[in-house]
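So the structure is just underneath, and the comments pick up after that.
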There are 2 protein chains.
Amino acid sequence: MAANPAKKTQGISPFYVMDLLRRAKQLEDQGRSIIHMEIGEPDFPTPQAIIDAGIHLLQSGEVKYTPAAGLPHLRKEIADFYQRQGISVPVERIFITPGASGALLLALGSSLNAGDKVLLADPCYPCNRNFVTLLEGRVQAIPVDETTRYHLNAQIIKQHWTDSTKAVLVASPSNPTGTLIDADDLKQAVAMVDDLGGCFYSDEIYHGLVYGREAVSALKFSDQVFVINSFSKYFGMTGWRIGWLVVPEQFIGVIERMAQNLFIATSTVAQYAAIAAFAEETQIELERRRAELAMRRDFLYEGLLRMGFDIPIKPDGAFYIYANAAHFTDNSGQFALDLLEEEGVAVTPGKDFGEYNAPHMLRFAYTLPIDKMSIALQRLQRFINRE
Amino acid sequence: MAANPAKKTQGISPFYVMDLLRRAKQLEDQGRSIIHMEIGEPDFPTPQAIIDAGIHLLQSGEVKYTPAAGLPHLRKEIADFYQRQGISVPVERIFITPGASGALLLALGSSLNAGDKVLLADPCYPCNRNFVTLLEGRVQAIPVDETTRYHLNAQIIKQHWTDSTKAVLVASPSNPTGTLIDADDLKQAVAMVDDLGGCFYSDEIYHGLVYGREAVSALKFSDQVFVINSFSKYFGMTGWRIGWLVVPEQFIGVIERMAQNLFIATSTVAQYAAIAAFAEETQIELERRRAELAMRRDFLYEGLLRMGFDIPIKPDGAFYIYANAAHFTDNSGQFALDLLEEEGVAVTPGKDFGEYNAPHMLRFAYTLPIDKMSIALQRLQRFINRE
C-alpha cells in the first residue's frame with residue numbers, strides 16, 4: 001500500500017513560472033529566441049576576488065565541517081558590515097546559513113509552534129509563505145497596495161493581529177514589487193510587534209540593491225528582530241548557497257542547536273569565499289553593478305509606463321518591476337504564456353506572488369542588459385498591438 | 001515584550017558532546033594534548049579529483065543556481081551507481097540535496113503531518129529525532145540491542161505500530177553502533193511498512209564504509225522507500241554539504257516543489273565536484289581508505305575488548321564502536337568528562353544517542369590513525385586503572 005504525500009504539502013504552491021520555463025526551454029530547443037525576464041538571479045558572475053578565495057580554499061584541501069554557527073572570521077566581517085551602518089551586533093547573534101533559505105528555516109523553526117499565524121504581505125515571495133506551511137504554521141497574507149508601498153505597517157499589523165498570531169514578516173525591498181519600506185514605517189512596525197509580544201522577521205536579502213536611497217536594517221530599531229540576509233543577490237553568490245541570520249539574544253542557544261541538527265554547517269568553500277565579499281576591490285565592483293542596475297531599472301520602468309502598464313510607485317530596489325497589465329488582460333497567467341509563445345519573452349505572472357490583484361499583475365526582472373531589454377520591449381509592444 | 005523560542009524547540013536536544021568539545025578546546029589552548037575520538041568526520045581529505053573538479057568549476061566563473069533537483073549529469077551518475085548494484089532507479093526519482101540533512105528534511109517534510117509518529121531505534125543519530133520534532137511529528141524511539149543488531153525489524157515495527165504511526169526510519173550501518181541490518185531483516189521491515197501503508201526512510205549515509213560485508217540498499221527491495229545518502233562520509237566531502245534523496249514516484253512532484261522552496265538548489269560547486277566522486281581514480285583512493293578503516297576498526301575493537309569493554313557485536317561499518325562501559329561506570333557522561341580532564345581523550349557519551357542503556361555507553365570514533373589510537377588506548381587503560 002503506497003504512502004502518499006502529507007496533506008499539508010497541498011498548501012505548498014508550485015512556482016507557476018516553472019511551467020512557463022519548461023515551455024521556454026522547448027521553444028529554445030526548436031531554435032526560437034527567448035528573452036528571459038522571469039529570472040530572479042543576477043546575470044553578473046560572482047566577483048573575481050570571491051572566486052579566487054574559493055579556489056584558494058580548495059587548493060588547501062581543507063574542506064572540513066566548520067562550526068555550526070559559521071566561521072568566526074566571516075561572522076566578524078558581518079558584524080563589521082553592520083558597524084559601518086552604525087549598528088552594533090555581537091558576533092554571537094550572527095549565524096552563517098545555507099542561503100537565506102536556511103536562515104528562514106532557523107528563524108521560523110525556532111519561533112513557531114503548529115497553528116501559529118504569521119502575517120505577511122500579499123504580494124510576497126512565495127517561499128516565505130511555503131516555509132510557514134511546512135512548519136505547520138498558518139499564513140495570514142494581507143493584501144497591500146501602493147498606498148503603503150506594498151508593505152505591512154504598524155496599523156495593518158495591529159488591525160490583523162489575533163490571539164493566534166505569533167509573528168510578522170517584512171521583506172524590503174520587496175520581491176516582486178521592488179519597493180522599499182519607509183524607514184519610519186519599519187521602525188513603527190517593529191515597535192508594534194514588540195508591543196504585541198510577537199516575532200519580527202526582516203527579510204533584507206535585497207539590501208545593497210537599492211537605487212537612489214539606502215535601505216535601513218531593522219536592527220537599527222531593535223535588537224529583538226530576526227534579520228535574514230544573503231550573499232546571493234548584492235554579493236553575486238547565488239550558486240554558492242550562503243546567507244546569514246541575526247537573532248535576538250535569547251534565541252542564540254536554540255538557533256545553535258537547530259543549526260547543528262538541520263545543517264551541521266554551511267558550505268566551507270562558500271564561507272571562505274564570502275570573506276572576500278567585503279574586500280575593497282569587491283565593493284568597488286558591486287557598486288559598479290549597482291549603478292548598472294539603476295540604469296536598467298529606469299529604462300524598463302519608463303518603457304513599461306510608455307506602453308500603458310500601470311506602475312504606481314517607481315521601485316527602489318531589487319531587480320524587479322511589478323506592473324499592472326489591467327489595460328491588456330484580466331488573466332496575466334495566460335498573457336504570460338501567450339507572450340512567450342508569440343514573441344518569445346518570458347515574464348512571471350502575478351499568481352506566483354499571492355492572490356491580491358494577481359490576475360492583472362506581471363513581474364519583469366531586469367537581470368539582463370539594456371540592449372536585450374530593448375528588444376524585449378519591442379516584442380512586447382508588438383504583442384500588445386496584435387489585435 | 002521579548003518573544004521566546006517556540007515550545008517545541010525544547011524537544012530539540014543539544015549534542016552533549018559539544019560541552020565536552022568546548023572543554024577540550026580550553027585544554028588544548030592550555031597546551032594539553034587531546035586525542036579526539038568523538039568526531040564523526042573522516043580524517044581523510046576530499047579526494048584530489050573531486051577537489052580538482054571543484055576548482056575547475058570555480059575557474060569557469062559559472063556559479064549560478066542549478067535546477068532544484070540537481071545537475072542532470074550528477075543525477076545520472078547516481079542512477080548508474082545504483083545500476084552497478086543491480087538496481088534500476090529512474091533519474092526523476094533522484095534529488096540532489098544540501099547534505100543528507102537536506103534529504104531528511106525533504107523526506108520527512110513531504111510525508112509527515114503534525115502529530116504523526118515516526119518509529120526509530122534507540123540508540124540512533126540524534127539529528128534524525130530532532131528533525132521529526134521540528135516538523136511537529138512525534139518520535140517513537142524503540143530500545144534495541146544486540147539481539148537485533150541494534151536495528152528495528154518487521155516484528156518490532158508491527159508490535160509498536162499505532163493508528164498515529166506514519167513512518168519508520170532505519171539507519172544502517174548505524175551511528176553509533178556501526179552495525180549493519182541483515183539484508184533479509186531489511187527486506188522484511190520494508191515489506192511490513194508497505195503492508196501497514198507507512199513510509200520507510202532508509203538512511204544509507206554510511207554505505208560504502210562497510211568492512212567485510214556489503215550494505216544492501218533498501219531500493220533493492222522496494223521502489224516505495226525513501227533513501228537518504230550523502231557524499232560526506234564514504235566520498236569524503238563533509239564540508240561541501242551535498243547528499244541525495246531517492247523518493248517513491250508519487251512524491252516526485254511534491255519533492256520538487258519543496259526543494260525549490262526550501263533550498264532553491266544545492267551548492268553548484270559541490271555538485272560539479274561530486275561528479276568526480278564516481279571517477280575511477282577516486283574509487284581506487286576510496287577503496288584504499290576503506291581498507292585502512294577496516295584495520296582501524298579491528299585494532300580499536302580488539303583493544304577495547306581487551307580492556308574490559310563489552311561489545312556484543314563486532315561493528316560492520318561507519319567509523320564508530322559503541323562500547324558498553326558498565327564494568328567501569330554507571331555514568332558514561334561523567335566518565336567521558338573525567339577521561340578528557342585526566343587523560344586528554346575525547347569520546348561521546350551514550351546520552352547523545354538516546355536513553356536506552358545510555359549511562360553505560362560510550363561511542364569511540366576511529367577517525368584517526370592507528371598510532372594515535374594506540375596512545376589513546378594506553379591513556380584509557382591508565383584512566384581505568386586509576387583507582
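Order determines the names: the first chain of the C-alpha cells is A, the second B, and so forth; residues in each chain are numbered 1 upward, and ligands are numbered 1 upward as they are shown.
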So that each row is one residue of chain A with an atom at most 6 Å from chain B, can you give its shortest atom pair and the distance in Å to one decimal, using only C-alpha atoms, rows by chain and rising number, as CSV?
```
residue,atom,partner,partner_atom,distance
A:Met1,CA,B:Gly197,CA,4.9
A:Ala2,CA,B:Gly197,CA,5.9
A:Ala3,CA,B:Gly197,CA,5.6
A:Pro5,CA,B:Ser111,CA,4.8
A:Ala6,CA,B:Ser111,CA,4.5
A:Pro14,CA,B:Arg257,CA,5.5
A:Ile55,CA,B:Ile55,CA,5.6
A:Val63,CA,B:Gly239,CA,4.9
A:Lys64,CA,B:Gly239,CA,4.3
A:Tyr65,CA,B:Gly239,CA,4.4
A:Ser101,CA,B:Phe263,CA,5.8
A:Ser110,CA,B:Pro5,CA,5.6
A:Ser111,CA,B:Ala6,CA,4.4
A:Leu112,CA,B:Ala6,CA,5.4
A:Asn113,CA,B:Ala6,CA,5.7
A:Cys127,CA,B:Asn261,CA,5.0
A:Leu135,CA,B:Leu135,CA,5.7
A:Asp194,CA,B:Met1,CA,5.5
A:Asp195,CA,B:Met1,CA,5.9
A:Gly197,CA,B:Met1,CA,4.9
A:Gly198,CA,B:Ala3,CA,5.6
A:Cys199,CA,B:Ala3,CA,5.9
A:Thr238,CA,B:Lys64,CA,5.7
A:Gly239,CA,B:Lys64,CA,4.3
A:Trp240,CA,B:Ser267,CA,5.1
A:Arg241,CA,B:Ser267,CA,5.6
A:Arg257,CA,B:Pro14,CA,5.5
A:Asn261,CA,B:Cys127,CA,5.0
A:Leu262,CA,B:Ser101,CA,5.9
A:Phe263,CA,B:Ser101,CA,5.7
A:Ser267,CA,B:Trp240,CA,5.1
A:Thr268,CA,B:Gly239,CA,5.1
```
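Here the question is which of A:Pro173, A:Pro123, A:Gly243, A:Pro72 gets nearest to A:Asp316 using only C-alpha atoms, and that residue is A:Pro173.
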All strand (DSSP E) positions in stretch 18-161 of chain B, as a PDB file with C-alpha atoms, in the first residue's frame:
```
ATOM      1  CA  ILE B  35      43.172  12.842  21.267  1.00  0.00           C
ATOM      2  CA  HIS B  36      39.849  13.225  19.506  1.00  0.00           C
ATOM      3  CA  ILE B  94      16.826  11.133  -7.566  1.00  0.00           C
ATOM      4  CA  PHE B  95      17.199  14.578  -5.953  1.00  0.00           C
ATOM      5  CA  ILE B  96      20.494  16.246  -5.080  1.00  0.00           C
ATOM      6  CA  THR B  97      20.302  17.864  -1.648  1.00  0.00           C
ATOM      7  CA  LYS B 117       4.626   9.296  14.797  1.00  0.00           C
ATOM      8  CA  VAL B 118       7.920   8.011  13.444  1.00  0.00           C
ATOM      9  CA  LEU B 119       9.426   4.764  14.729  1.00  0.00           C
ATOM     10  CA  LEU B 120      13.162   4.733  15.077  1.00  0.00           C
ATOM     11  CA  ALA B 121      15.815   2.897  17.031  1.00  0.00           C
ATOM     12  CA  ASP B 122      17.232   3.962  20.380  1.00  0.00           C
ATOM     13  CA  ARG B 138       6.372  12.650  17.270  1.00  0.00           C
ATOM     14  CA  VAL B 139       9.324  10.368  17.889  1.00  0.00           C
ATOM     15  CA  GLN B 140       8.674   6.794  18.969  1.00  0.00           C
ATOM     16  CA  ALA B 141      12.154   5.634  19.936  1.00  0.00           C
ATOM     17  CA  ILE B 142      12.274   1.856  20.392  1.00  0.00           C
ATOM     18  CA  PRO B 143      15.058   0.419  22.551  1.00  0.00           C
TER      19      PRO B 143
END
```
- Item | Nearest to A:Gly70, chosen from A:Leu245, A:Leu169, A:Ile375, A:Leu219, with only C-alpha atoms counted in the distances | A:Leu245
- Item | Picked from stretch 42-184 of chain B by DSSP as alpha helix (DSSP H), as a ChimeraX atom specification | /B:48-60,72-83,99-111,126-134,154-160,183-184
Generate the output file for the selected residues, C-alpha atoms, as a short mmCIF file (atom, residue, chain, number, x, y, z; two decimals), in the first residue's frame.
```cif
data_model
loop_
_atom_site.label_atom_id
_atom_site.label_comp_id
_atom_site.auth_asym_id
_atom_site.auth_seq_id
_atom_site.Cartn_x
_atom_site.Cartn_y
_atom_site.Cartn_z
CA GLN B 48 42.05 15.13 -5.23
CA ALA B 49 39.94 14.51 -8.35
CA ILE B 50 36.91 15.96 -6.55
CA ILE B 51 38.89 19.00 -5.39
CA ASP B 52 40.18 19.50 -8.93
CA ALA B 53 36.67 19.34 -10.37
CA GLY B 54 35.57 21.99 -7.87
CA ILE B 55 38.48 24.26 -8.80
CA HIS B 56 37.69 23.75 -12.48
CA LEU B 57 34.10 24.87 -11.94
CA LEU B 58 35.19 27.96 -9.98
CA GLN B 59 37.70 28.87 -12.69
CA SER B 60 34.86 28.86 -15.20
CA PRO B 72 21.18 16.17 -14.66
CA HIS B 73 24.73 14.80 -15.11
CA LEU B 74 25.12 14.14 -11.39
CA ARG B 75 21.68 12.56 -11.06
CA LYS B 76 22.61 10.25 -13.92
CA GLU B 77 25.87 9.30 -12.16
CA ILE B 78 23.84 8.30 -9.11
CA ALA B 79 21.40 6.27 -11.21
CA ASP B 80 24.43 4.47 -12.67
CA PHE B 81 25.79 3.93 -9.15
CA TYR B 82 22.59 2.03 -8.31
CA GLN B 83 22.61 0.24 -11.66
CA GLY B 99 23.81 17.15 2.60
CA ALA B 100 21.88 14.22 4.00
CA SER B 101 20.36 16.89 6.27
CA GLY B 102 18.56 18.38 3.30
CA ALA B 103 17.48 14.93 2.15
CA LEU B 104 15.97 14.16 5.56
CA LEU B 105 14.13 17.47 5.62
CA LEU B 106 12.58 16.74 2.22
CA ALA B 107 11.70 13.14 3.06
CA LEU B 108 10.12 13.89 6.43
CA GLY B 109 8.65 17.23 5.40
CA SER B 110 6.88 15.73 2.40
CA SER B 111 5.33 12.83 4.28
CA PRO B 126 20.22 12.47 17.36
CA CYS B 127 19.52 14.71 14.34
CA ASN B 128 17.07 12.15 13.00
CA ARG B 129 14.94 12.54 16.11
CA ASN B 130 15.25 16.30 16.11
CA PHE B 131 14.07 16.66 12.52
CA VAL B 132 10.85 14.86 13.44
CA THR B 133 10.34 17.22 16.39
CA LEU B 134 10.96 20.31 14.29
CA ALA B 154 9.43 -6.32 10.95
CA GLN B 155 8.24 -7.80 14.23
CA ILE B 156 9.22 -4.78 16.30
CA ILE B 157 7.62 -2.46 13.78
CA LYS B 158 4.37 -4.42 13.83
CA GLN B 159 4.36 -4.54 17.61
CA HIS B 160 4.77 -0.77 18.04
CA ALA B 183 19.58 -7.78 4.26
CA ASP B 184 16.76 -10.16 4.99
#
```
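Put simply, atom CA of B:Ala69 is 14.3 Å away from atom CA of B:Ile228.
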